[in-house]
>>> print(open('entry-v1.csv').read())   # CSV, C-alpha atoms
chain,number,residue,atom,x,y,z
A,1,MET,CA,120.8,106.5,79.1
A,2,ASN,CA,121.4,104.0,81.9
A,3,ILE,CA,119.5,104.4,85.2
A,4,GLY,CA,120.6,103.5,88.7
A,5,LEU,CA,117.4,102.9,90.7
A,6,LEU,CA,117.4,103.6,94.5
A,7,GLY,CA,114.7,101.5,96.0
A,8,CYS,CA,112.4,99.0,94.4
A,9,GLY,CA,109.1,99.0,96.2
A,10,VAL,CA,105.8,100.1,94.8
A,11,VAL,CA,107.1,103.0,92.7
A,12,GLY,CA,110.4,101.5,91.9
A,13,GLY,CA,108.6,98.4,90.5
A,14,GLY,CA,106.5,100.7,88.3
A,15,ILE,CA,109.7,102.4,87.0
A,16,LEU,CA,111.1,99.0,86.0
A,17,ASP,CA,107.9,98.1,84.2
A,18,PHE,CA,107.8,101.4,82.3
A,19,CYS,CA,111.5,101.0,81.2
A,20,ALA,CA,111.2,97.4,80.2
A,21,GLY,CA,111.9,97.0,76.5
A,22,ARG,CA,112.8,100.6,75.9
A,23,LYS,CA,116.0,101.5,74.0
A,24,ASP,CA,116.4,105.0,75.4
A,25,LEU,CA,116.2,104.2,79.1
A,26,THR,CA,117.7,101.1,80.8
A,27,VAL,CA,117.7,100.3,84.5
A,28,THR,CA,121.1,98.7,85.0
A,29,LYS,CA,121.4,98.6,88.8
A,30,VAL,CA,118.9,98.7,91.7
A,31,LEU,CA,120.0,99.5,95.2
A,32,VAL,CA,118.1,97.3,97.7
A,33,ARG,CA,118.2,97.0,101.5
A,34,ARG,CA,117.6,93.2,101.6
A,35,PRO,CA,118.0,90.3,99.2
A,36,ARG,CA,115.9,90.5,96.1
A,37,PRO,CA,116.4,87.3,94.1
A,38,ASP,CA,113.7,88.5,91.6
A,39,LEU,CA,116.0,91.3,90.5
A,40,GLY,CA,118.9,89.0,89.7
A,41,ALA,CA,122.2,90.8,88.7
A,42,LEU,CA,120.5,94.2,88.9
A,43,ALA,CA,120.5,94.2,92.7
A,44,VAL,CA,123.3,95.9,94.6
A,45,THR,CA,123.5,96.8,98.3
A,46,ASP,CA,126.2,99.5,98.2
A,47,ILE,CA,125.4,103.0,96.9
A,48,ALA,CA,129.0,103.2,95.7
A,49,ASP,CA,128.2,100.6,93.1
A,50,ILE,CA,125.8,103.1,91.4
A,51,VAL,CA,127.6,106.4,92.1
A,52,ASN,CA,130.9,105.1,90.8
A,53,ASP,CA,129.5,103.5,87.7
A,54,GLU,CA,130.4,105.8,84.9
A,55,ALA,CA,127.9,104.1,82.6
A,56,ILE,CA,125.0,105.3,84.7
A,57,GLY,CA,123.8,108.8,83.7
A,58,ILE,CA,120.6,109.1,85.9
A,59,VAL,CA,120.0,108.1,89.5
A,60,ALA,CA,116.2,107.7,90.3
A,61,GLU,CA,115.5,107.8,94.0
A,62,VAL,CA,112.3,106.3,95.2
A,63,MET,CA,113.3,105.1,98.6
A,64,GLY,CA,111.4,107.8,100.6
A,65,GLY,CA,112.4,109.3,103.9
A,66,LEU,CA,115.1,111.9,104.7
A,67,HIS,CA,118.0,109.7,105.4
A,68,PRO,CA,119.9,108.1,103.8
A,69,ALA,CA,118.1,109.5,100.7
A,70,TYR,CA,119.6,113.0,101.1
A,71,GLU,CA,123.1,111.6,101.4
A,72,TYR,CA,122.6,109.3,98.4
A,73,ILE,CA,121.2,112.1,96.2
A,74,CYS,CA,124.1,114.4,97.2
A,75,ALA,CA,126.6,111.7,96.3
A,76,ALA,CA,124.9,111.2,92.9
A,77,LEU,CA,124.9,114.9,92.1
A,78,LYS,CA,128.6,115.3,93.1
A,79,ALA,CA,129.4,112.3,90.8
A,80,GLY,CA,128.0,114.3,87.9
A,81,LYS,CA,124.8,112.2,87.6
A,82,HIS,CA,121.3,113.6,86.9
A,83,VAL,CA,118.8,112.9,89.7
A,84,VAL,CA,115.1,112.2,89.5
A,85,THR,CA,113.2,111.7,92.7
A,86,ALA,CA,109.7,111.2,93.9
A,87,ASN,CA,110.7,112.1,97.5
A,88,LYS,CA,108.7,115.2,98.6
A,89,ALA,CA,110.1,115.0,102.1
A,90,VAL,CA,113.7,115.3,101.1
A,91,ILE,CA,113.1,118.0,98.4
A,92,SER,CA,111.0,120.1,100.8
A,93,ALA,CA,113.5,119.8,103.7
A,94,TYR,CA,116.6,120.3,101.7
A,95,TYR,CA,115.3,122.5,98.8
A,96,PRO,CA,118.1,125.1,98.7
A,97,GLU,CA,120.9,122.6,99.4
A,98,LEU,CA,119.8,120.1,96.7
A,99,THR,CA,118.9,122.7,94.0
A,100,GLY,CA,122.1,124.6,94.7
A,101,LEU,CA,124.3,121.4,94.5
A,102,ALA,CA,122.7,120.4,91.2
A,103,ARG,CA,123.3,123.8,89.7
A,104,GLU,CA,126.9,123.8,91.0
A,105,CYS,CA,127.5,120.3,89.5
A,106,GLY,CA,125.9,121.2,86.2
A,107,VAL,CA,123.3,118.4,86.3
A,108,SER,CA,119.5,118.1,86.3
A,109,LEU,CA,117.4,117.6,89.4
A,110,ARG,CA,113.8,116.7,88.7
A,111,CYS,CA,111.0,115.8,91.1
A,112,THR,CA,107.7,116.0,89.2
A,113,ALA,CA,106.5,112.8,90.8
A,114,ALA,CA,107.0,114.3,94.3
A,115,VAL,CA,104.0,116.7,93.9
A,116,GLY,CA,100.8,115.3,92.5
A,117,GLY,CA,101.9,111.7,91.7
A,118,GLY,CA,101.0,111.2,88.1
A,119,ILE,CA,99.7,114.8,87.5
A,120,PRO,CA,102.1,116.9,85.3
A,121,TRP,CA,102.0,119.7,87.9
A,122,LEU,CA,105.5,121.0,88.4
A,123,THR,CA,106.3,120.8,84.7
A,124,ASN,CA,103.3,122.9,83.9
A,125,LEU,CA,104.3,125.5,86.6
A,126,GLU,CA,107.6,125.7,84.7
A,127,ARG,CA,105.9,126.1,81.3
A,128,CYS,CA,103.5,128.8,82.6
A,129,LYS,CA,106.4,130.8,84.0
A,130,ARG,CA,108.0,131.1,80.5
A,131,LEU,CA,105.3,133.6,79.5
A,132,ASP,CA,103.3,134.6,82.6
A,133,SER,CA,103.6,135.3,86.3
A,134,ILE,CA,101.8,132.9,88.7
A,135,CYS,CA,99.7,134.8,91.3
A,136,GLU,CA,98.2,131.9,93.3
A,137,LEU,CA,98.2,128.1,93.5
A,138,GLY,CA,96.8,125.3,95.5
A,139,GLY,CA,94.0,122.9,95.8
A,140,ILE,CA,93.5,119.3,96.8
A,141,MET,CA,97.0,117.8,97.1
A,142,ASN,CA,96.4,114.7,99.2
A,143,GLY,CA,94.4,111.7,98.0
A,144,THR,CA,94.0,110.1,101.5
A,145,THR,CA,92.3,113.1,103.0
A,146,ASN,CA,90.1,113.6,99.9
A,147,PHE,CA,89.0,109.9,100.1
A,148,ILE,CA,88.0,110.4,103.7
A,149,MET,CA,86.2,113.7,103.2
A,150,ASP,CA,84.4,112.4,100.0
A,151,ALA,CA,83.2,109.3,101.9
A,152,MET,CA,82.0,111.3,104.8
A,153,HIS,CA,79.9,113.5,102.5
A,154,ALA,CA,78.5,110.5,100.6
A,155,SER,CA,77.1,108.6,103.6
A,156,PRO,CA,76.9,108.9,107.4
A,157,VAL,CA,80.2,107.5,108.6
A,158,SER,CA,82.5,108.5,111.5
A,159,PHE,CA,86.1,109.7,110.9
A,160,PRO,CA,87.7,106.7,112.7
A,161,GLU,CA,85.5,104.3,110.7
A,162,ILE,CA,86.4,105.7,107.3
A,163,LEU,CA,90.1,106.1,108.2
A,164,LYS,CA,90.2,102.4,109.0
A,165,GLN,CA,88.7,101.7,105.6
A,166,ALA,CA,91.2,103.9,103.9
A,167,GLN,CA,94.0,102.0,105.6
A,168,GLU,CA,92.6,98.6,104.6
A,169,LEU,CA,92.4,99.9,100.9
A,170,GLY,CA,96.0,101.0,101.1
A,171,TYR,CA,95.1,104.7,100.8
A,172,ALA,CA,96.3,105.5,104.3
A,173,GLU,CA,99.4,104.4,106.1
A,174,ALA,CA,99.4,102.5,109.4
A,175,ASP,CA,100.4,105.9,111.0
A,176,PRO,CA,98.2,108.3,109.0
A,177,SER,CA,99.5,111.5,110.8
A,178,ALA,CA,101.4,112.9,107.8
A,179,ASP,CA,98.2,112.9,105.7
A,180,ILE,CA,95.4,113.8,108.1
A,181,ASP,CA,97.4,116.4,110.0
A,182,GLY,CA,98.6,118.2,106.8
A,183,ASP,CA,102.3,117.5,106.8
A,184,ASP,CA,102.2,115.7,103.4
A,185,VAL,CA,100.4,118.6,101.8
A,186,ARG,CA,102.7,121.2,103.4
A,187,ARG,CA,105.7,119.5,101.8
A,188,LYS,CA,104.0,119.6,98.4
A,189,LEU,CA,102.9,123.2,98.9
A,190,THR,CA,106.5,124.3,99.9
A,191,ILE,CA,108.0,122.8,96.7
A,192,SER,CA,105.2,124.3,94.5
A,193,ALA,CA,105.3,127.7,96.0
A,194,ASN,CA,109.1,127.9,95.8
A,195,ILE,CA,109.0,127.0,92.1
A,196,ALA,CA,106.1,129.2,91.2
A,197,PHE,CA,107.3,132.3,93.0
A,198,ASP,CA,111.1,131.8,92.8
A,199,ALA,CA,111.1,131.7,96.6
A,200,LEU,CA,112.8,129.9,99.5
A,201,VAL,CA,109.9,129.2,101.8
A,202,GLN,CA,110.6,127.0,104.8
A,203,GLU,CA,108.2,124.1,105.3
A,204,GLU,CA,107.9,124.7,109.0
A,205,ASP,CA,106.8,128.3,108.5
A,206,ILE,CA,103.5,127.4,106.7
A,207,PRO,CA,100.6,127.3,109.2
A,208,MET,CA,98.2,124.4,108.9
A,209,PHE,CA,95.2,122.6,110.5
A,210,GLY,CA,94.3,119.1,109.6
A,211,ILE,CA,91.1,116.9,109.4
A,212,ARG,CA,91.8,114.6,112.3
A,213,THR,CA,89.0,116.0,114.5
A,214,VAL,CA,86.2,116.4,111.9
A,215,THR,CA,83.0,114.6,112.8
A,216,ASP,CA,79.9,113.4,110.9
A,217,GLY,CA,78.0,116.1,112.8
A,218,ASP,CA,80.3,118.8,111.2
A,219,ILE,CA,79.6,117.2,107.8
A,220,ARG,CA,75.8,117.4,108.3
A,221,ALA,CA,76.1,121.1,109.2
A,222,PHE,CA,78.1,121.8,106.1
A,223,LYS,CA,75.7,119.9,103.8
A,224,ALA,CA,72.7,121.7,105.3
A,225,HIS,CA,74.2,125.0,104.3
A,226,GLY,CA,75.3,123.9,100.8
A,227,PHE,CA,79.0,123.4,101.5
A,228,VAL,CA,81.5,120.6,101.0
A,229,CYS,CA,84.6,120.3,103.1
A,230,LYS,CA,88.0,119.6,101.6
A,231,LEU,CA,91.5,119.9,102.9
A,232,LEU,CA,93.0,122.7,100.7
A,233,ALA,CA,96.4,124.2,100.3
A,234,THR,CA,96.8,127.8,99.3
A,235,ALA,CA,99.8,129.9,98.3
A,236,LYS,CA,99.8,133.5,97.0
A,237,ALA,CA,102.5,135.9,95.9
A,238,THR,CA,102.5,139.1,98.0
A,239,GLU,CA,104.7,142.2,98.0
A,240,GLY,CA,106.6,141.2,101.1
A,241,GLY,CA,106.8,137.4,100.7
A,242,VAL,CA,104.4,134.5,100.2
A,243,CYS,CA,101.0,133.9,101.8
A,244,ALA,CA,100.8,130.1,102.3
A,245,PHE,CA,98.5,128.0,104.5
A,246,ILE,CA,96.7,124.6,104.7
A,247,GLU,CA,93.3,124.2,106.3
A,248,PRO,CA,90.0,122.3,105.9
A,249,THR,CA,87.9,124.6,103.7
A,250,LEU,CA,84.2,124.8,102.9
A,251,VAL,CA,83.6,125.2,99.2
A,252,ASP,CA,80.2,125.7,97.5
A,253,SER,CA,78.7,122.3,96.5
A,254,HIS,CA,78.9,123.5,92.8
A,255,ASP,CA,82.6,124.4,92.9
A,256,LEU,CA,85.1,122.3,91.0
A,257,GLU,CA,86.9,121.1,94.2
A,258,ALA,CA,83.6,119.8,95.6
A,259,ALA,CA,83.3,117.3,92.8
A,260,VAL,CA,86.7,115.7,93.2
A,261,PRO,CA,86.0,112.1,94.1
A,262,LYS,CA,87.7,109.3,96.1
A,263,ASN,CA,91.5,109.6,96.3
A,264,PHE,CA,92.0,112.0,93.4
A,265,ASN,CA,93.8,115.4,93.4
A,266,LEU,CA,92.9,118.7,91.9
A,267,ILE,CA,95.7,121.3,91.8
A,268,THR,CA,95.3,124.8,90.3
A,269,TYR,CA,97.4,127.8,89.5
A,270,CYS,CA,96.3,131.2,88.4
A,271,GLY,CA,98.4,133.2,86.0
A,272,GLU,CA,98.2,137.0,85.6
A,273,LYS,CA,97.3,136.8,82.0
A,274,VAL,CA,96.3,133.1,81.3
A,275,GLY,CA,93.9,132.8,84.3
A,276,ARG,CA,93.1,129.5,86.0
A,277,HIS,CA,94.5,126.2,84.9
A,278,SER,CA,93.5,123.1,86.9
A,279,PHE,CA,95.0,119.6,86.9
A,280,PHE,CA,93.1,116.6,87.9
A,281,GLY,CA,94.3,113.0,88.4
A,282,GLN,CA,95.8,110.4,90.6
A,283,GLY,CA,98.1,111.9,93.2
A,284,ALA,CA,99.8,108.7,94.2
A,285,GLY,CA,100.1,105.0,93.4
A,286,ARG,CA,102.5,102.7,91.6
A,287,TYR,CA,102.0,103.6,88.0
A,288,PRO,CA,100.9,107.3,88.3
A,289,THR,CA,104.0,108.2,90.4
A,290,ALA,CA,106.3,106.0,88.3
A,291,PHE,CA,105.0,107.6,85.1
A,292,ASN,CA,106.1,111.1,86.1
A,293,ALA,CA,109.5,109.8,87.3
A,294,VAL,CA,110.1,108.1,84.0
A,295,GLU,CA,108.9,111.2,82.1
A,296,ASP,CA,111.5,113.2,84.0
A,297,CYS,CA,114.1,110.7,82.9
A,298,LEU,CA,112.9,111.2,79.3
A,299,ASP,CA,113.2,114.9,79.6
A,300,ILE,CA,116.8,114.6,80.7
A,301,VAL,CA,117.6,112.3,77.8
A,302,ALA,CA,116.1,114.9,75.5
A,303,GLY,CA,118.4,117.5,77.0
A,304,LYS,CA,116.1,119.4,79.3
A,305,PRO,CA,118.4,121.2,81.7
A,306,GLY,CA,118.5,122.0,85.4
A,307,PHE,CA,115.6,122.4,87.8
A,308,TYR,CA,112.2,124.0,87.3
A,309,THR,CA,113.5,127.4,88.3
A,310,GLN,CA,116.9,129.0,88.7
A,311,ALA,CA,115.8,132.0,90.7
A,312,MET,CA,115.5,131.6,94.4
A,313,LYS,CA,115.3,134.2,97.2
A,314,PRO,CA,114.3,133.9,100.8
A,315,ALA,CA,110.6,134.7,101.3
A,316,PRO,CA,108.8,135.0,104.6
A,317,VAL,CA,105.4,133.5,105.0
A,318,LEU,CA,102.9,136.3,105.6
A,319,CYS,CA,99.3,135.3,106.1
A,320,GLY,CA,98.2,138.4,108.1
A,321,GLY,CA,96.6,140.0,105.0
A,322,GLU,CA,94.4,137.0,104.2
A,323,ALA,CA,91.1,136.8,106.0
A,324,HIS,CA,87.8,135.0,105.7
A,325,PRO,CA,85.0,133.5,107.9
A,326,TYR,CA,85.5,130.2,109.7
A,327,TYR,CA,83.4,127.4,111.0
A,328,VAL,CA,84.6,126.4,114.5
A,329,ARG,CA,83.5,123.7,116.9
A,330,THR,CA,85.0,123.5,120.3
A,331,ALA,CA,83.8,122.3,123.7
A,332,CYS,CA,85.3,125.3,125.5
A,333,PRO,CA,84.8,128.6,123.5
A,334,ASP,CA,86.9,131.5,124.9
A,335,ALA,CA,86.5,135.2,124.8
A,336,PHE,CA,88.2,135.5,121.4
A,337,LEU,CA,85.9,133.1,119.7
A,338,GLN,CA,82.8,134.6,121.3
A,339,SER,CA,83.9,138.1,120.1
A,340,VAL,CA,84.0,137.0,116.4
A,341,THR,CA,81.0,134.6,116.4
A,342,VAL,CA,78.1,135.7,114.2
A,343,GLU,CA,76.1,132.6,113.7
A,344,GLN,CA,75.4,129.1,115.1
A,345,TRP,CA,75.6,126.0,112.9
A,346,GLY,CA,74.6,122.9,114.9
A,347,ASP,CA,77.4,122.2,117.4
A,348,GLY,CA,79.6,124.8,115.8
A,349,VAL,CA,79.7,128.5,115.2
A,350,VAL,CA,80.5,130.7,112.2
A,351,THR,CA,82.8,133.7,112.6
A,352,ALA,CA,83.1,137.0,110.9
A,353,CYS,CA,86.2,137.5,108.7
A,354,VAL,CA,89.2,136.6,110.7
A,355,SER,CA,92.9,136.7,109.7
A,356,VAL,CA,94.1,133.3,108.6
A,357,GLU,CA,97.3,133.7,110.6
A,358,GLU,CA,95.4,134.5,113.8
A,359,MET,CA,92.8,131.8,113.3
A,360,LEU,CA,95.2,129.0,112.7
A,361,ARG,CA,97.4,130.1,115.6
A,362,TRP,CA,94.3,130.1,117.8
A,363,GLY,CA,93.3,126.7,116.5
A,364,ARG,CA,96.6,125.1,117.3
A,365,ALA,CA,96.5,126.5,120.8
A,366,GLN,CA,92.9,125.5,121.3
A,367,LEU,CA,93.7,121.8,120.5
A,368,ALA,CA,95.8,121.8,123.7
A,369,LYS,CA,92.7,122.8,125.7
A,370,ASP,CA,90.2,120.8,123.6
A,371,PRO,CA,91.7,117.9,121.6
A,372,GLY,CA,88.4,117.5,119.7
A,373,CYS,CA,88.3,121.1,118.4
A,374,PHE,CA,87.8,121.5,114.6
A,375,LEU,CA,87.8,124.5,112.3
A,376,ALA,CA,87.4,125.1,108.6
A,377,GLY,CA,87.8,128.2,106.5
A,378,ILE,CA,84.7,129.3,104.5
A,379,ARG,CA,85.5,130.3,100.9
>>> encode(input="entry-v1.csv", output="structure tokens")
Amino acid sequence: MNIGLLGCGVVGGGILDFCAGRKDLTVTKVLVRRPRPDLGALAVTDIADIVNDEAIGIVAEVMGGLHPAYEYICAALKAGKHVVTANKAVISAYYPELTGLARECGVSLRCTAAVGGGIPWLTNLERCKRLDSICELGGIMNGTTNFIMDAMHASPVSFPEILKQAQELGYAEADPSADIDGDDVRRKLTISANIAFDALVQEEDIPMFGIRTVTDGDIRAFKAHGFVCKLLATAKATEGGVCAFIEPTLVDSHDLEAAVPKNFNLITYCGEKVGRHSFFGQGAGRYPTAFNAVEDCLDIVAGKPGFYTQAMKPAPVLCGGEAHPYYVRTACPDAFLQSVTVEQWGDGVVTACVSVEEMLRWGRAQLAKDPGCFLAGIR
């Protein structure tokens, strides 16, 4: 099958490398924004050259961003072409529109590379659902934040210092906000929860708290009490909807998540009958991400139909029933925090069990009063 490739940066170059010399997949056109003499006759600058080419059966979108990626994907689907994308932002933001359009046009939409990079995460959610019901999912879904937290636990280093190192190594963007504030994880969790629970969760409804304000003093307090801090995503099926949230979380130093090093990911689901399945690997990068994109193309060539689920129903995000203790450090504790405090840890305090919904709402409001405030759930 012939592929029209949208974008040829880091991931697009990996797709070209994987497809080189294959007989079942051939990249015949590459949409570029500026001249690319290295691509020769493959390069085109008009999406119509790909969408109107009847010889192209798959459009692989690795441009990133919401626009014009959304419009290009829609045009490809309407033209009867299968679409493979690594774009978590566009899938999360336009989940019902894109999945509905693919179903209406009778073509496949696959986005395995959008969640977990090279980890076969979404395809295994799909496989599990053939025989079992998924009760819960989540874990470490962002390599940049894991690299930062791993380094801060390994040696005394400040957050700004290790963030700068992550940027120099290419693990963090010049503007790292999407990673350290949790937006990247939230997009991945939205897609994962919708597929696992046949839901239509809205990205903006998932509460979150990032790692931007963590300090080396916090890390010392965690280690002194036998904990390791990781930015974890959680989604659970409930009777009335989906409980989903993202927050720094203290896990026991012997837990599986505590051992995840550098920029790796560890994503887990729990099935009603099959129990826990965890998937470890590179969550980003040229070849890991391109690997899953090309695997999606091979699935389409083999006749694998549609999306990962065909059932979708609106599901409110309900976190009121989930509660656990928290570590909180703030320069201006208020009456609420004092009322739930049970213990002092260094510069911070530990609370009794508090509703996740209430604590994350409080945390977001507290940042306006104290921009250095930090909190972490205790598992």
>>> residues_around(input="entry-v1.csv", residues="region 51-56 of chain A", least_positions_apart="6", cutoff="10 Å", atoms="all atoms listed in the file", output="PyMOL selection string")
chain A and resi 1-5+26-29+72-73+75-82
>>> residues_near_point(input="entry-v1.csv", point="(88.4, 115.5, 92.6)", cutoff="10 Å", atoms="only C-alpha atoms", output="PyMOL selection string")
chain A and resi 139-141+143+146-147+150+230+256-267+279-282
>>> residues_around(input="entry-v1.csv", residues="Asp218 (chain A)", least_positions_apart="5", cutoff="8 Å", atoms="all atoms listed in the file", output="ChimeraX atom specification")
/A:346-348
>>> atom_distance(input="entry-v1.csv", atom1="CA of Leu189 (chain A)", atom2="CA of Asp299 (chain A)")
23.4 Å
>>> atom_distance(input="entry-v1.csv", atom1="CA of Lys223 (chain A)", atom2="CA of Thr351 (chain A)")
17.8 Å
>>> closest_residue(input="entry-v1.csv", among="A:Ile219, A:Ala224, A:Leu360, A:Ala352", to="Val340 (chain A)", atoms="only C-alpha atoms")
A:Ala352
>>> atom_distance(input="entry-v1.csv", atom1="CA of Gln338 (chain A)", atom2="CA of Phe209 (chain A)")
20.4 Å
>>> residues_around(input="entry-v1.csv", residues="Val349 (chain A)", least_positions_apart="4", cutoff="10 Å", atoms="all atoms listed in the file", output="ChimeraX atom specification")
/A:326-330,333,337-338,340-345,375
>>> residues_around(input="entry-v1.csv", residues="region 86-99 of chain A", least_positions_apart="5", cutoff="6 Å", atoms="all atoms listed in the file", output="PDB file with C-alpha atoms, keeping the file's coordinate frame")
ATOM      1  CA  VAL A  62     112.300 106.300  95.200  1.00  0.00           C
ATOM      2  CA  GLY A  64     111.400 107.800 100.600  1.00  0.00           C
ATOM      3  CA  LEU A  66     115.100 111.900 104.700  1.00  0.00           C
ATOM      4  CA  CYS A 111     111.000 115.800  91.100  1.00  0.00           C
ATOM      5  CA  ALA A 113     106.500 112.800  90.800  1.00  0.00           C
ATOM      6  CA  ALA A 114     107.000 114.300  94.300  1.00  0.00           C
ATOM      7  CA  ARG A 187     105.700 119.500 101.800  1.00  0.00           C
ATOM      8  CA  ILE A 191     108.000 122.800  96.700  1.00  0.00           C
TER       9      ILE A 191
END
>>> residues_near_point(input="entry-v1.csv", point="(95.6, 119.7, 105.8)", cutoff="6 Å", atoms="only C-alpha atoms", output="list in words")
Asp181, Gly182, Phe209, Gly210, Leu231, Ile246 and Glu247 of chain A
>>> closest_atom_pairs(input="entry-v1.csv", of="region 200-316 of chain A", to="region 13-20 of chain A", cutoff="9 Å", atoms="only C-alpha atoms", output="CSV")
residue,atom,partner,partner_atom,distance
A:Arg286,CA,A:Gly14,CA,5.6
A:Tyr287,CA,A:Gly14,CA,5.4
A:Pro288,CA,A:Gly14,CA,8.7
A:Thr289,CA,A:Gly14,CA,8.2
A:Ala290,CA,A:Ile15,CA,5.1
A:Phe291,CA,A:Ile15,CA,7.3
A:Ala293,CA,A:Ile15,CA,7.4
A:Val294,CA,A:Ile15,CA,6.5
>>> residues_around(input="entry-v1.csv", residues="Ala196 (chain A)", least_positions_apart="6", cutoff="8 Å", atoms="all atoms listed in the file", output="PyMOL selection string")
chain A and resi 125-126+129+134
>>> build_atoms(input="entry-v1.csv", residues="region 129-141 of chain A", atoms="N, CA and C atoms", output="compact mmCIF listing (two decimals), keeping the file's coordinate frame")
# COMPACT_ATOMS: atom_id res chain seq x y z
N LYS A 129 105.48 129.73 83.60
CA LYS A 129 106.40 130.80 84.00
C LYS A 129 107.22 131.32 82.76
N ARG A 130 107.23 130.58 81.67
CA ARG A 130 108.00 131.10 80.50
C ARG A 130 107.32 132.36 79.95
N LEU A 131 105.98 132.46 80.07
CA LEU A 131 105.30 133.60 79.50
C LEU A 131 104.47 134.42 80.46
N ASP A 132 104.23 133.89 81.66
CA ASP A 132 103.30 134.60 82.60
C ASP A 132 103.84 134.51 83.99
N SER A 133 103.23 135.29 84.86
CA SER A 133 103.60 135.30 86.30
C SER A 133 102.42 134.56 87.01
N ILE A 134 102.77 133.67 87.93
CA ILE A 134 101.80 132.90 88.70
C ILE A 134 101.42 133.74 89.95
N CYS A 135 100.12 134.00 90.13
CA CYS A 135 99.70 134.80 91.30
C CYS A 135 99.30 133.93 92.46
N GLU A 136 98.74 132.76 92.18
CA GLU A 136 98.20 131.90 93.30
C GLU A 136 98.20 130.48 92.81
N LEU A 137 98.29 129.56 93.77
CA LEU A 137 98.20 128.10 93.50
C LEU A 137 97.68 127.38 94.66
N GLY A 138 97.27 126.15 94.43
CA GLY A 138 96.80 125.30 95.50
C GLY A 138 95.75 124.35 95.12
N GLY A 139 95.03 123.82 96.10
CA GLY A 139 94.00 122.90 95.80
C GLY A 139 94.07 121.63 96.68
N ILE A 140 93.53 120.54 96.14
CA ILE A 140 93.50 119.30 96.80
C ILE A 140 94.80 118.52 96.46
N MET A 141 95.69 118.37 97.41
CA MET A 141 97.00 117.80 97.10
C MET A 141 97.26 116.49 97.86
